[in-house]
Every structure is written in C-alpha cells, then in structure tokens.
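One structure below.
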Amino acid sequence: MGQRPSWVWPAAVPAAIALLGPAPAPAADGPVERGEYLFRAALCAVCHTAEEGEFLAGGRPLPSPFGTFYTPNITPHEEHGIGAWSDEDFVRALREGVSPAGEHYYPSFPYTSYTRLRREDMIAIKRYLDTVEPVAQPSREHELSWYAGWRLPLAGWKWWYLEPGPFEPDPDRDEQWNRGAYLAEAAGHCAECHSPRGWFGAVREERRYAGAAEGPEGEPTPNITPHPEDGIGDWTVKMLSFYLEVGMDPDGDFAGSLMAPVIDDGTAHLSAEDREALATYILSLPPREGP
C-alpha cells in the first residue's frame with residue numbers, strides 16, 4: 001500500500017507508541033531512531049531510491065497521464081539534496097506542498113496525505129534524513145506534457161483538493177483503530193496508490209481504496225476494501241498483518257511490483273502492534289466494488 005508512482009515519494013513497541021501516542025519517546029529512543037521508524041512508516045525510500053541508484057538520491061521515474069515525474073534527491077547534500085533545508089522548510093513541504101523557494105509541488109509527491117502527519121513526527125523524519133549519506137546527484141527534471149509544465153495552476157488545485165493539517169483521532173473509535181488510521185492515511189498514504197483518480201489527478205473519494213486501473217508503473221492496483229468479491233473481505237486481521245510483514249497473501253502468492261519494496265523497505269520494519277493496527281483499520285473500511 002505505497003505511493004502511487006503514476007503521481008510524483010522489527011521496530012520496538014516503544015517506538016510505535018511514540019509514533020502515534022501523545023507521550024514523548026522514551027529516553028532510550030533518540031530522535032534519530034524515532035525518525036527512522038517514521039521514515040519506514042512513511043515509505044520514503046520506496047520512491048526516492050531508484051533501481052540500482054544511491055539511497056534516497058532520487059531519479060525513480062513515475063509515469064502518469066501528464067508525463068513522467070522523477071523523484072528528487074532527499075539526501076542531506078547541501079546543493080543537490082535537502083541539506084540546506086530548515087525544519088520549517090521541511091514541514092512546509094509536507095504540510096503545504098511548497099518548496100523552500102516557494103514553488104508548488106506536484107501531487108505526485110503525496111503531501112495530500114503527509115499533511116496529516118503530526119509536526120513532531122515530521123521533524124523526527126528530518127532528524128533521521130540528516131544522518132544519511134549525502135549524494136552529489138542533481139535531481140532530474142520532470143518530462144511533462146506542455147500543459148502540465150506550469151506550476152502556478154497548482155495553487156488552484158490545492159485550494160480545491162488539499163486540506164492541510166494533522167490527523168485528528170476519531171473519539172468514537174479505540175486507540176488501535178486510530179493508530180491504524182494514522183498509519184494508513186498520514187504516514188503510509190495507502191489511498192494514494194489504491195484509489196482511482198479523476199481528470200485533474202485527485203483521488204476520487206467515492207472510490208477510495210477500491211483499486212485503480214492504472215497504478216504503480218502503469219500496472220493496476222487491487223481493491224483493498226473488505227468487499228467480499230472485489231476486495232479482501234475474506235482476509236482476517238492476522239492474514240493482512242502477516243502479508244504486511246513478509247509479503248505473502250493467504251493463497252501463498254508473494255507481493256510484486258511496487259508493493260514488494262513497500263513491504264521490504266516499509267511495513268516489514270513496523271512493530272507487530274502497528275501492522276495489526278494498520279490491518280484493523282483497512283478491514284474496517286466500507287466495502288466498495290472495483291476497480
């Protein structure tokens with residue numbers, strides 16, 4: 001359940017509690033360790049590391065109806081990465097989809113989901129990114145259709161589709177469900193991949209999580225709502241949790257395409273409690289036909 005690339009980006013239990021609970025991280029879990037856990041939950045490495053490329057140096061192609069996006073270098077290189085970014089620059093990019101220079105990011109960068117991250121979690125991710133090896137690799141320019149080359153119209157797109165601000169727990173749901181919702185809707189941004197999009201590139205909310213005919217790398221993504229025929233309605237929380245850990249579904253098949261690195265570089269590193277929370281939330285979604 002990772003980033004939808006057609007639109008360009010075992011831990012300890014205490015780390016999971018620090019991720020989602022109101023209490024600060026225990027002294028044994030420093031900001032870098034906590035940030036790495038959140039980095040895994042947010043699936044940053046999946047799209048910002050190209051095949052055979054340097055870690056987080058970008059360059060992964062993300063095809064779309066508007067052309068091909070290329071993920072940027074997010075290593076702490078001062079010139080080619082984000083080494084010169086302040087904490088506020090980083091928070092603004094995730095919260096508002098705006099660069100330090102004031103340019104609007106395309107929603108291929110899933111800030112529409114990352115905006116729901118808590119500020120302290122954003123800062124923790126940056127603390128970890130500041131420790132990775134800087135790579136002197138310039139970010140590759142996008143190759144877009146002529147009508148998609150202007151960024152100014154993105155301001156109107158955001159006015160219509162972006163609702164900035166952190167995730168708000170549902171008081172009518174328990175702690176586990178809310179933890180799973182935060183992981184899916186803010187960090188893991190599962191709907192960005194597993195939902196169809198409209199003419200202007202926004203997720204179709206009425207079809208959210210129902211799968212997409214054109215998903216990662218031009219391939220379809222499955223319906224992950226608990227629909228009994230079109231989705232995963234016959235999966236249990238234990239089955240889905242196991243899949244998120246090792247990538248094997250109830251039929252014995254293994255995850256492929258972009259879902260393989262989503263698991264290997266992301267959900268496999270979560271605590272068992274967080275994988276169960278994520279599975280609990282996904283299986284609580286309204287069943288929908290599709291894709």
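Please note that chains go A, B, ... in the order of the structure tokens, that every chain numbers its residues from 1, and that ligands are numbered from 1 in the order shown.
Every protein, DNA or RNA residue with an atom at most 12 Å from Met248 in chain A, where only C-alpha atoms count and chain neighbours fewer than 5 positions away do not, is listed here: A:Met239, A:Leu240, A:Ser241, A:Phe242, A:Tyr243, A:Asp253, A:Phe254, A:Ala255, A:Gly256, A:Met259, A:Ala260, A:Ile263, A:Asp264, A:Ala268.
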So which bits of range 10-163 of chain A end up strand (DSSP E) when you DSSP the backbone, as a list in words?
Pro61, Leu62, Pro63, Ser64, Gly67, Thr68, Phe69, Tyr70, Glu143 and Leu144 of chain A
Take the residues just selected and output them with C-alpha atoms as a PDB file, in the first residue's frame.
ATOM      1  CA  PRO A  61      10.621   7.504 -12.930  1.00  0.00           C
ATOM      2  CA  LEU A  62       6.946   7.856 -12.083  1.00  0.00           C
ATOM      3  CA  PRO A  63       4.819   7.675 -15.240  1.00  0.00           C
ATOM      4  CA  SER A  64       1.474   9.468 -15.343  1.00  0.00           C
ATOM      5  CA  GLY A  67       4.133  12.733 -18.457  1.00  0.00           C
ATOM      6  CA  THR A  68       6.917  11.263 -16.352  1.00  0.00           C
ATOM      7  CA  PHE A  69       7.842  12.607 -12.939  1.00  0.00           C
ATOM      8  CA  TYR A  70      11.256  11.881 -11.428  1.00  0.00           C
ATOM      9  CA  GLU A 143       9.300  15.219 -18.545  1.00  0.00           C
ATOM     10  CA  LEU A 144       5.729  16.501 -18.738  1.00  0.00           C
TER      11      LEU A 144
END
Dump as a Markdown table the rows for residues of range 45-119 of chain A within 9 Å of range 153-161 of chain A: closest atom pair and distance in Å with one decimal, only C-alpha atoms counted, ordered by chain and rising residue number.
| residue | atom | partner | partner_atom | distance |
| --- | --- | --- | --- | --- |
| A:Glu96 | CA | A:Lys158 | CA | 8.5 |
| A:Gly97 | CA | A:Lys158 | CA | 8.7 |
| A:His104 | CA | A:Leu154 | CA | 6.4 |
| A:Tyr105 | CA | A:Leu154 | CA | 7.7 |
| A:Tyr106 | CA | A:Leu154 | CA | 7.1 |
| A:Pro107 | CA | A:Leu154 | CA | 8.7 |
| A:Thr112 | CA | A:Tyr161 | CA | 8.1 |
Write out as a VMD selection string which residues come within 7 Å of Thr280 in chain A when counting only C-alpha atoms, dropping same-chain ones fewer than 6 positions away.
chain A and resid 177 180 237
Identify which of the residues A:Glu289, A:Arg127, A:Arg140, A:Gly198 lies closest to Tyr37 in chain A, counting only C-alpha atoms when measuring atom-to-atom distances.
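Residue with the minimum atom-to-atom distance to Tyr37 in chain A: A:Arg127.
CA of Pro100 in chain A is found 14.6 Å from CA of Lys126 in chain A.
With only C-alpha atoms as the atoms that count, the residue of A:Leu38, A:Pro287, A:Ser108, A:His142 with the shortest distance to Glu229 in chain A is A:Pro287.
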Excluding same-chain residues fewer than 5 positions from range 208-213 of chain A, what lies within 10 Å of it counting only C-alpha atoms, as a ChimeraX atom specification?
/A:1,4,190-197,203,218-227,230-231,282,285-291
Env of Val262 in chain A: 10 Å cut, atoms = only C-alpha atoms, seq-sep filter 3 positions within chain, self excluded. Answer as a PDB file with C-alpha atoms, in the first residue's frame.
ATOM      1  CA  MET A   1       0.000   0.000   0.000  1.00  0.00           C
ATOM      2  CA  GLY A   2       2.502   2.538  -1.104  1.00  0.00           C
ATOM      3  CA  GLN A   3       2.821   5.736  -3.013  1.00  0.00           C
ATOM      4  CA  ARG A  40       9.932   3.475   7.274  1.00  0.00           C
ATOM      5  CA  ALA A  41       6.254   4.002   8.072  1.00  0.00           C
ATOM      6  CA  ALA A  42       6.102   6.846   5.529  1.00  0.00           C
ATOM      7  CA  LEU A  43       7.707   4.678   2.800  1.00  0.00           C
ATOM      8  CA  CYS A  44      10.160   7.412   1.788  1.00  0.00           C
ATOM      9  CA  ALA A  45      12.823   5.026   0.465  1.00  0.00           C
ATOM     10  CA  VAL A  46      10.392   3.280  -1.855  1.00  0.00           C
ATOM     11  CA  CYS A  47      10.141   6.138  -4.344  1.00  0.00           C
ATOM     12  CA  GLY A 188       1.705   5.108   4.670  1.00  0.00           C
ATOM     13  CA  LEU A 244       2.456  -6.645   5.589  1.00  0.00           C
ATOM     14  CA  GLY A 247       4.570 -10.179   1.601  1.00  0.00           C
ATOM     15  CA  ALA A 255       3.759  -9.272  -3.411  1.00  0.00           C
ATOM     16  CA  GLY A 256       5.136  -7.939  -6.662  1.00  0.00           C
ATOM     17  CA  SER A 257       5.535  -4.641  -8.477  1.00  0.00           C
ATOM     18  CA  LEU A 258       5.922  -1.654  -6.144  1.00  0.00           C
ATOM     19  CA  MET A 259       4.250  -3.476  -3.267  1.00  0.00           C
ATOM     20  CA  ASP A 265      11.514  -1.165   2.996  1.00  0.00           C
ATOM     21  CA  GLY A 266       8.422  -0.130   4.911  1.00  0.00           C
ATOM     22  CA  THR A 267       5.792  -2.220   6.631  1.00  0.00           C
ATOM     23  CA  ALA A 268       8.141  -5.105   7.483  1.00  0.00           C
TER      24      ALA A 268
END
According to DSSP computed on the backbone, where in range 30-147 of chain A is there alpha helix (DSSP H)? Give the residues as a PyMOL selection string.
chain A and resi 31-41+44-48+87-96+111-114+119-129
Output for the residues just chosen: N, CA and C atoms as a compact mmCIF listing (two decimals), in the first residue's frame:
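Writing done, so here's out_13.txt:
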# COMPACT_ATOMS: atom_id res chain seq x y z
N PRO A 31 15.91 10.88 18.89
CA PRO A 31 15.18 11.44 17.74
C PRO A 31 15.53 10.78 16.41
N VAL A 32 16.78 10.35 16.26
CA VAL A 32 17.18 9.71 15.00
C VAL A 32 16.51 8.35 14.86
N GLU A 33 16.52 7.55 15.94
CA GLU A 33 15.90 6.23 15.90
C GLU A 33 14.39 6.35 15.67
N ARG A 34 13.79 7.27 16.35
CA ARG A 34 12.35 7.50 16.18
C ARG A 34 12.06 7.98 14.77
N GLY A 35 12.92 8.85 14.25
CA GLY A 35 12.75 9.34 12.89
C GLY A 35 12.89 8.24 11.85
N GLU A 36 13.81 7.31 12.08
CA GLU A 36 13.96 6.21 11.13
C GLU A 36 12.72 5.33 11.11
N TYR A 37 12.12 5.11 12.28
CA TYR A 37 10.89 4.32 12.33
C TYR A 37 9.79 5.00 11.53
N LEU A 38 9.65 6.30 11.71
CA LEU A 38 8.65 7.07 10.97
C LEU A 38 8.97 7.11 9.47
N PHE A 39 10.23 7.22 9.15
CA PHE A 39 10.69 7.18 7.76
C PHE A 39 10.26 5.89 7.09
N ARG A 40 10.38 4.76 7.82
CA ARG A 40 9.93 3.47 7.27
C ARG A 40 8.41 3.46 7.13
N ALA A 41 7.72 3.97 8.13
CA ALA A 41 6.25 4.00 8.07
C ALA A 41 5.75 4.86 6.92
N CYS A 44 9.37 6.44 2.55
CA CYS A 44 10.16 7.41 1.79
C CYS A 44 11.16 6.76 0.84
N ALA A 45 11.79 5.66 1.28
CA ALA A 45 12.82 5.03 0.47
C ALA A 45 12.26 4.39 -0.78
N VAL A 46 10.98 4.03 -0.74
CA VAL A 46 10.39 3.28 -1.86
C VAL A 46 10.48 4.07 -3.16
N CYS A 47 10.15 5.34 -3.12
CA CYS A 47 10.14 6.14 -4.34
C CYS A 47 11.38 7.00 -4.52
N HIS A 48 12.06 7.33 -3.46
CA HIS A 48 13.21 8.23 -3.57
C HIS A 48 14.53 7.50 -3.78
N ASP A 87 14.07 23.18 9.41
CA ASP A 87 12.92 22.38 9.87
C ASP A 87 11.62 22.94 9.29
N GLU A 88 11.50 24.25 9.25
CA GLU A 88 10.28 24.86 8.73
C GLU A 88 10.11 24.59 7.24
N ASP A 89 11.22 24.58 6.50
CA ASP A 89 11.15 24.23 5.08
C ASP A 89 10.58 22.83 4.90
N PHE A 90 11.08 21.91 5.72
CA PHE A 90 10.65 20.51 5.62
C PHE A 90 9.17 20.36 5.98
N VAL A 91 8.77 20.99 7.06
CA VAL A 91 7.37 20.92 7.49
C VAL A 91 6.46 21.53 6.43
N ARG A 92 6.86 22.65 5.86
CA ARG A 92 6.03 23.30 4.84
C ARG A 92 5.88 22.42 3.60
N ALA A 93 6.96 21.72 3.23
CA ALA A 93 6.88 20.84 2.07
C ALA A 93 5.86 19.74 2.30
N LEU A 94 5.89 19.13 3.49
CA LEU A 94 4.97 18.04 3.79
C LEU A 94 3.56 18.53 4.09
N ARG A 95 3.45 19.67 4.72
CA ARG A 95 2.13 20.17 5.13
C ARG A 95 1.40 20.87 3.99
N GLU A 96 2.15 21.67 3.19
CA GLU A 96 1.52 22.53 2.19
C GLU A 96 1.92 22.20 0.76
N TYR A 111 1.84 14.93 -0.60
CA TYR A 111 1.64 15.83 0.54
C TYR A 111 0.18 15.92 0.95
N THR A 112 -0.73 15.49 0.05
CA THR A 112 -2.13 15.45 0.43
C THR A 112 -2.38 14.45 1.57
N SER A 113 -1.48 13.49 1.73
CA SER A 113 -1.53 12.57 2.87
C SER A 113 -0.56 13.00 3.96
N TYR A 114 0.67 13.36 3.57
CA TYR A 114 1.68 13.73 4.56
C TYR A 114 1.25 14.94 5.40
N ARG A 119 3.33 17.44 13.48
CA ARG A 119 4.55 18.22 13.27
C ARG A 119 5.77 17.54 13.88
N GLU A 120 5.63 17.02 15.11
CA GLU A 120 6.78 16.39 15.76
C GLU A 120 7.26 15.15 15.01
N ASP A 121 6.33 14.50 14.29
CA ASP A 121 6.72 13.34 13.50
C ASP A 121 7.46 13.77 12.24
N MET A 122 7.03 14.88 11.65
CA MET A 122 7.75 15.43 10.50
C MET A 122 9.19 15.78 10.88
N ILE A 123 9.34 16.45 12.02
CA ILE A 123 10.67 16.84 12.46
C ILE A 123 11.54 15.62 12.75
N ALA A 124 10.94 14.59 13.33
CA ALA A 124 11.70 13.37 13.61
C ALA A 124 12.22 12.73 12.32
N ILE A 125 11.39 12.72 11.28
CA ILE A 125 11.84 12.17 10.00
C ILE A 125 13.03 12.96 9.47
N LYS A 126 12.97 14.27 9.59
CA LYS A 126 14.10 15.09 9.12
C LYS A 126 15.36 14.80 9.93
N ARG A 127 15.21 14.57 11.23
CA ARG A 127 16.39 14.25 12.04
C ARG A 127 17.09 13.00 11.51
N TYR A 128 16.30 12.02 11.09
CA TYR A 128 16.90 10.82 10.51
C TYR A 128 17.52 11.12 9.15
N LEU A 129 16.81 11.85 8.29
CA LEU A 129 17.34 12.15 6.96
C LEU A 129 18.64 12.93 7.03
Please measure the separation of CA of Glu175 in chain A and CA of Leu278 in chain A, giving the value in Å to one decimal.
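CA of Leu278 in chain A lies at a distance of 11.7 Å from CA of Glu175 in chain A.
Using only C-alpha atoms, the smallest distance between any of A:Gly81, A:Gly59, A:Pro65, A:Pro169 and Tyr147 in chain A comes from A:Pro65.
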